[in-house]
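To start, the structure itself, in structure tokens.
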Amino acid sequence: MPDRVCCCCAALRPRYKRLVDNIFPEDPKDGLVKADMEKLTFYAVSAPEKLDRIGAYLAERLSRDVVRHRYGYVLIAMEALDQLLMACHSQSIKPFVESFLQMVAKLLESGEPKLQVLGTNSFVKFANIEEDTPSYHRRYDFFVSRFSAMCHSCHSDPETRTEIRIAGIRGIQGVVRKTVNDELRATIWEPQHMDKIVPSLLFNMQKIEDIDSRIGPPSSPTGGEKEENPAVLAENCFRELLGRATYGNMNNAVRPVFAHLDHHKLWDPNEFAVSCFKIIMYSIQAQYSHHVIQETLGHLDARKRDSPRVRAGIIQVLLEAVAIAAKGSIGPTVLEVFNTLLKHLRLSVDFELGERRSSTGSASFSTSSKESDERIVQNAIIQTIGFFGSNLPDYQRSEIMMFVMGKVPVLGTSSHSLDTSHLGDLGTRRIQIMLLRSLLMVTSGYNAKTIAAALPAPFLDPLLSPSLMEDSELRQLVLEILHNLIDRHDNRAKLRGIRIIPDVSDLKIKRDKISRQDVSFMKKHGQQLYRHIYLGCKEDDNVQKNFELLFTSLALITIELANEEVVIDLIRLAIALQDTIIINEDNLPMFNRCGVMALVAAYLNFLSQMIAVPAFCQHVSKVIETRTVEASYFLPENIFKDKCILPKSLEKHEKNLFFLTNKIAESLGGSGYSVERLSVPYVPQVTDEDRLSRRKSIVDTVSIQVDILPGNNTEDKINNTEEITFEALKKAIDNTGLEEQEKEKRRLVIEKFQKAPFEEIAAQCETKANFLHDRLAQILELTIRPPPSPSGTMTITAGHAHYQSVPVYEMKFPDLCVY
């Protein structure tokens, strides 16, 4: 029964109270009295200054009914409030709103689920009303806290629990819609509110996902199911919240996600974490994507001491984030992403080696498990680097290639590489393999217009460094990276596997005419590529995959970069490999020697058909046919079989089993090729790194070749040889001391030209010029003077070259240099 007063007192009551009392029926089951409600609404619209009193009186009655558990009248009061709220839009509605919010708060504080749902529904209706002017003094702290608590309801009845949670999510959605549109009223984005809103939404998304994962893959919900499914409703609210986030408050919205995932240990397994960040990346504005990436990198740094699976879960989330961000704006975080990932790659290798060192000879299962977990982290990092790099535009990808290559620890380029001094040789090798695998993924699909753009000198030099040739797997990765960059017409798949190709035209190889820029590149850097292939063939730990990659490298160079001069160089390289295997100065195993022979046969067969010189093709085919009958182990189809019978030696083989330089020169010369250079044996370039490398240097080989040249007099060599002492050997071995001396000489020369008086420098130059003039005059006089007798000879030493018993008319002075 509604509260009633006597007739005399009722006549003295204010009109607004009488109108409010009349909307309540005798029996609450009859519902709101519509006729009296229309009168109250007309009165409120006609006299808006009375709205605040109407609201206060309705709030008073509702509070009394709530305490007395008269829920029927509570429903009527809220319905009246809703109608008044929808009907009145004047400036005076603001005091009425305060009363309305007090009544909603009263309902939310009650322990009755139906009242909580009722208050939430009223608040949602209020949130959808657009006010003419914002109210900056109004705060929603209580509603954020209460709705968040409702999202975590633990009611015993499942249906009631779901109903309360849905009400809480809808309430949060209402708070978000009511507050985020006003830039001056940005309290909702404060950390204390986001720390309640975001975990509440994630909690409901997570709980339903757990149920679905036990039952099976969730089916797409229908329209009715979306309203009754807390997970779907929470996800929609989460997307809406993130979509309204701006530059200044993006971080506040993302950080609670990390806290929730940490608290509930959702990084391992990380399916929910990945789905959350996919929602985040697709919901926020594209220009703010780098904020999420920066926060993820920061969280990875903060959790760097956690278990490997946790770090792997965070890195996989980062992979999903950068995969989406790479398609849009990634801001200034490109190098930061790679730098942080490479730092964690080094840490992971350090942790793995630390576990291995700490374990005893009989390693426990837990130790091996931790090592395998670290491998998971490393693979996740490599996958992230590669995927991110492969999705970048070409101009950025080239910078990333340079950046990653600069981090690879190679000999002579340690200034910017990762610090591996404390990891030892094993750790350095692991880092090299990891970084090269990352680089392989970054270069996948990269297609530069010119080879110089794909392989600039600062990138090519460390990539072909001798220190990257000390391991079979490293050499394989380097060759695969070269394939990615050289192959601009996707011919690699057609060349996969080393074999004798009967008809190259069946491969339908795509190629363009070599450009002027590519010709210039080969003139400048071709010898580096030849040298890398030459030395790679001579490694004693080569396996079948190494030979296959070397064959593909030679074939791709032929397709993409070969003009007439390059073809001659490649033939010289192949013949040099064949001669090296016959002599076997490196004492290679028989399998490797036969493998190189097979490689040379497969490549010359390919090259002869590519340049289409009939005589050359005939010679190559004849050698291959002979090998098929007499030495099948010289062919790739046989040597790489499991049970191939190897010969005991190669010294007794006939010439018809080998490719002959004179035959090749004769066949190419008849087709217009310049074959003079074919008679010059190929010798790989000697670099400074060869002198510093721990590997066997090819300088020794070149020195041996020079020493055994005919015309060198052994007696004079003995006379001119220095006394071999311990100090002499020490000086010869101490490369560092020689380098320091050269640096000191250069420093003194530079200092002299910077500080010495101009007159002194000019006088010294004039003295040197006069000396050279006199020396040239002596040479000319010797040249034109007749010999003392027809058989007259002289012995002259110029520089380091010895000319002994040479007729005067035939003397030359190649080592006379002007400094």
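Identifiers in the structure tokens: chain A, B, ... in order shown; residue index from 1 per chain; ligand index from 1 in order shown.
Within 9 Å of Ile486 (chain A), once only C-alpha atoms are used and residues closer than 5 positions along the same chain are dropped, the contacting residues are Asn447, Ala448, Ile451, Ala454, Leu455, Ile481, Ser553, Leu556, Ile557, Glu560 and Leu561 of chain A.
In terms of minimum interatomic distance to Asn584 (chain A), A:Lys538 ranks closest within A:Lys538, A:Lys545, A:Lys648, A:Arg255, counting only C-alpha atoms.
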Quiz prompt | Selection near His264 (chain A), 12 Å with only C-alpha atoms, sequence-local residues under 3 positions removed, as a list in words | solution =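 Answer for this query is Pro199, Leu202, Phe203, Gln206, Lys207, Val257, Phe258, Ala259, His260, Leu261, Trp267, Asp268, Pro269, Asn270, Phe272 and Ala273 of chain A.
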Quiz item: So, counting only C-alpha atoms, which residue among A:Val322, A:Ala312, A:Ala302, A:Val292 is closest to Ser372 (chain A)?
Solution: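 Counting only C-alpha atoms, the residue closest to Ser372 (chain A) is A:Ala312.
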Residues at most 9 Å from region 277-280 of chain A, counting only C-alpha atoms, excluding those fewer than 3 positions away in the same chain, as an mmCIF file with N, CA, C and O atoms, in the first residue's frame?
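Contents of out.cif, as written:
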```
data_model
loop_
_atom_site.group_PDB
_atom_site.id
_atom_site.type_symbol
_atom_site.label_atom_id
_atom_site.label_comp_id
_atom_site.auth_asym_id
_atom_site.auth_seq_id
_atom_site.Cartn_x
_atom_site.Cartn_y
_atom_site.Cartn_z
ATOM 1 N N GLU A 235 33.392 -8.497 -25.061
ATOM 2 C CA GLU A 235 34.291 -8.218 -26.179
ATOM 3 C C GLU A 235 33.847 -6.975 -26.942
ATOM 4 O O GLU A 235 34.684 -6.139 -27.316
ATOM 5 N N PHE A 238 34.782 -4.048 -24.890
ATOM 6 C CA PHE A 238 36.230 -3.857 -24.925
ATOM 7 C C PHE A 238 36.657 -3.192 -26.229
ATOM 8 O O PHE A 238 37.494 -2.286 -26.243
ATOM 9 N N ARG A 239 36.093 -3.653 -27.334
ATOM 10 C CA ARG A 239 36.399 -3.035 -28.630
ATOM 11 C C ARG A 239 35.962 -1.571 -28.651
ATOM 12 O O ARG A 239 36.703 -0.709 -29.163
ATOM 13 N N LEU A 242 38.422 0.555 -26.586
ATOM 14 C CA LEU A 242 39.697 0.777 -27.260
ATOM 15 C C LEU A 242 39.542 1.674 -28.471
ATOM 16 O O LEU A 242 40.437 2.458 -28.796
ATOM 17 N N GLY A 243 38.413 1.550 -29.154
ATOM 18 C CA GLY A 243 38.192 2.394 -30.322
ATOM 19 C C GLY A 243 38.068 3.864 -29.980
ATOM 20 O O GLY A 243 38.330 4.728 -30.827
ATOM 21 N N VAL A 254 45.931 -0.111 -22.088
ATOM 22 C CA VAL A 254 46.618 -1.349 -22.452
ATOM 23 C C VAL A 254 47.330 -1.986 -21.253
ATOM 24 O O VAL A 254 47.368 -3.214 -21.130
ATOM 25 N N VAL A 257 45.796 -4.821 -19.241
ATOM 26 C CA VAL A 257 45.742 -6.118 -19.924
ATOM 27 C C VAL A 257 46.936 -6.965 -19.509
ATOM 28 O O VAL A 257 46.802 -8.166 -19.197
ATOM 29 N N PHE A 272 44.514 -17.179 -25.061
ATOM 30 C CA PHE A 272 43.672 -16.042 -24.697
ATOM 31 C C PHE A 272 44.421 -14.725 -24.853
ATOM 32 O O PHE A 272 43.866 -13.723 -25.308
ATOM 33 N N ALA A 273 45.708 -14.726 -24.490
ATOM 34 C CA ALA A 273 46.510 -13.506 -24.636
ATOM 35 C C ALA A 273 46.596 -13.086 -26.094
ATOM 36 O O ALA A 273 46.468 -11.896 -26.433
ATOM 37 N N VAL A 274 46.803 -14.047 -26.988
ATOM 38 C CA VAL A 274 46.890 -13.731 -28.416
ATOM 39 C C VAL A 274 45.571 -13.167 -28.916
ATOM 40 O O VAL A 274 45.538 -12.173 -29.654
ATOM 41 N N SER A 283 41.117 -2.942 -32.978
ATOM 42 C CA SER A 283 40.132 -1.987 -32.452
ATOM 43 C C SER A 283 40.673 -0.570 -32.358
ATOM 44 O O SER A 283 39.933 0.386 -32.559
ATOM 45 N N ILE A 284 41.950 -0.434 -32.027
ATOM 46 C CA ILE A 284 42.499 0.908 -31.851
ATOM 47 C C ILE A 284 42.702 1.566 -33.218
ATOM 48 O O ILE A 284 42.692 0.901 -34.258
ATOM 49 N N VAL A 292 51.010 0.111 -28.498
ATOM 50 C CA VAL A 292 50.839 -1.260 -28.019
ATOM 51 C C VAL A 292 52.151 -2.034 -28.146
ATOM 52 O O VAL A 292 52.534 -2.796 -27.246
ATOM 53 N N VAL A 317 52.761 -12.975 -28.663
ATOM 54 C CA VAL A 317 51.797 -11.867 -28.682
ATOM 55 C C VAL A 317 52.369 -10.693 -29.467
ATOM 56 O O VAL A 317 51.669 -10.041 -30.256
ATOM 57 N N LEU A 318 53.653 -10.408 -29.257
ATOM 58 C CA LEU A 318 54.308 -9.345 -30.012
ATOM 59 C C LEU A 318 54.286 -9.649 -31.505
ATOM 60 O O LEU A 318 54.102 -8.745 -32.334
ATOM 61 N N GLU A 320 51.993 -11.289 -33.153
ATOM 62 C CA GLU A 320 50.653 -10.973 -33.670
ATOM 63 C C GLU A 320 50.459 -9.468 -33.784
ATOM 64 O O GLU A 320 49.832 -8.974 -34.730
ATOM 65 N N ALA A 321 51.009 -8.733 -32.821
ATOM 66 C CA ALA A 321 50.841 -7.285 -32.842
ATOM 67 C C ALA A 321 51.581 -6.658 -34.018
ATOM 68 O O ALA A 321 51.017 -5.824 -34.746
ATOM 69 N N ILE A 324 50.051 -7.219 -37.481
ATOM 70 C CA ILE A 324 48.933 -6.326 -37.823
ATOM 71 C C ILE A 324 49.428 -4.904 -38.007
ATOM 72 O O ILE A 324 49.011 -4.193 -38.934
#
```
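Residue neighbourhood of Phe147 (chain A), excluding near-sequence residues (fewer than 2 positions): Phe143, Val144, Ser145, Ala149, Met150, Cys151, Ala167, Gly168, Ile169, Gly171 and Ile172 of chain A, at 8 Å, using only C-alpha atoms.
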Practice problem: For Phe387 (chain A), work out the shell of residues within 8 Å, counting only C-alpha atoms and skipping chain neighbours fewer than 5 positions away, then give it as an NGL selection string. | Solution: :A and (319 or 323 or 441-442)
Emit the selected residues as a short mmCIF file (atom, residue, chain, number, x, y, z; two decimals), in the first residue's frame, including all heavy atoms.
```cif
data_model
loop_
_atom_site.label_atom_id
_atom_site.label_comp_id
_atom_site.auth_asym_id
_atom_site.auth_seq_id
_atom_site.Cartn_x
_atom_site.Cartn_y
_atom_site.Cartn_z
N LEU A 319 54.47 -10.92 -31.85
CA LEU A 319 54.41 -11.31 -33.26
C LEU A 319 53.06 -10.97 -33.87
O LEU A 319 52.98 -10.42 -34.98
CB LEU A 319 54.70 -12.81 -33.38
CG LEU A 319 54.43 -13.46 -34.75
CD1 LEU A 319 55.32 -12.84 -35.81
CD2 LEU A 319 54.63 -14.95 -34.67
N ALA A 323 52.53 -8.11 -36.71
CA ALA A 323 51.98 -8.58 -37.99
C ALA A 323 50.83 -7.70 -38.44
O ALA A 323 50.66 -7.44 -39.63
CB ALA A 323 51.51 -10.02 -37.84
N MET A 441 64.74 -14.92 -42.96
CA MET A 441 63.30 -14.65 -43.02
C MET A 441 63.03 -13.22 -43.47
O MET A 441 62.08 -12.95 -44.20
CB MET A 441 62.66 -14.92 -41.67
CG MET A 441 62.71 -16.36 -41.22
SD MET A 441 61.68 -16.69 -39.77
CE MET A 441 60.05 -16.46 -40.44
N VAL A 442 63.88 -12.28 -43.05
CA VAL A 442 63.69 -10.88 -43.46
C VAL A 442 63.89 -10.73 -44.96
O VAL A 442 63.16 -9.99 -45.63
CB VAL A 442 64.66 -9.96 -42.68
CG1 VAL A 442 64.60 -8.54 -43.23
CG2 VAL A 442 64.31 -9.96 -41.20
#
```
Practice problem: May I have the residues within 9 Å of Cys617 (chain A) as a list in words, using only C-alpha atoms and disregarding those fewer than 4 positions away in the same chain? | Solution: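 Near neighbours after the sequence-gap exclusion: Leu604, Asn605, Leu607, Ser608, Gln609, Ala612, Val613, Ser621, Lys622 and Ser667 of chain A.
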Would you save the residues from that selection as a CSV table (one decimal), in the first residue's frame, using C-alpha atoms?
```csv
chain,number,residue,atom,x,y,z
A,604,LEU,CA,79.1,-26.8,-66.5
A,605,ASN,CA,76.3,-28.9,-67.9
A,607,LEU,CA,76.1,-23.3,-68.1
A,608,SER,CA,76.8,-24.8,-71.5
A,609,GLN,CA,73.1,-25.1,-72.2
A,612,ALA,CA,74.1,-22.4,-76.0
A,613,VAL,CA,77.5,-22.9,-77.6
A,621,SER,CA,78.2,-34.0,-72.7
A,622,LYS,CA,81.1,-36.2,-73.7
A,667,SER,CA,84.9,-24.2,-78.3
```
Quiz prompt | Expected answer as a PyMOL selection string: alpha helix (DSSP H) residues in region 3-211 of chain A | solution = chain A and resi 7-12+15-22+34-46+51-67+71-87+93-109+113-127+141-151+158-179+191-211
Self-check item: Between CA of Phe100 (chain A) and CA of His152 (chain A) - distance in Å to one decimal
Solution: 25.3 Å
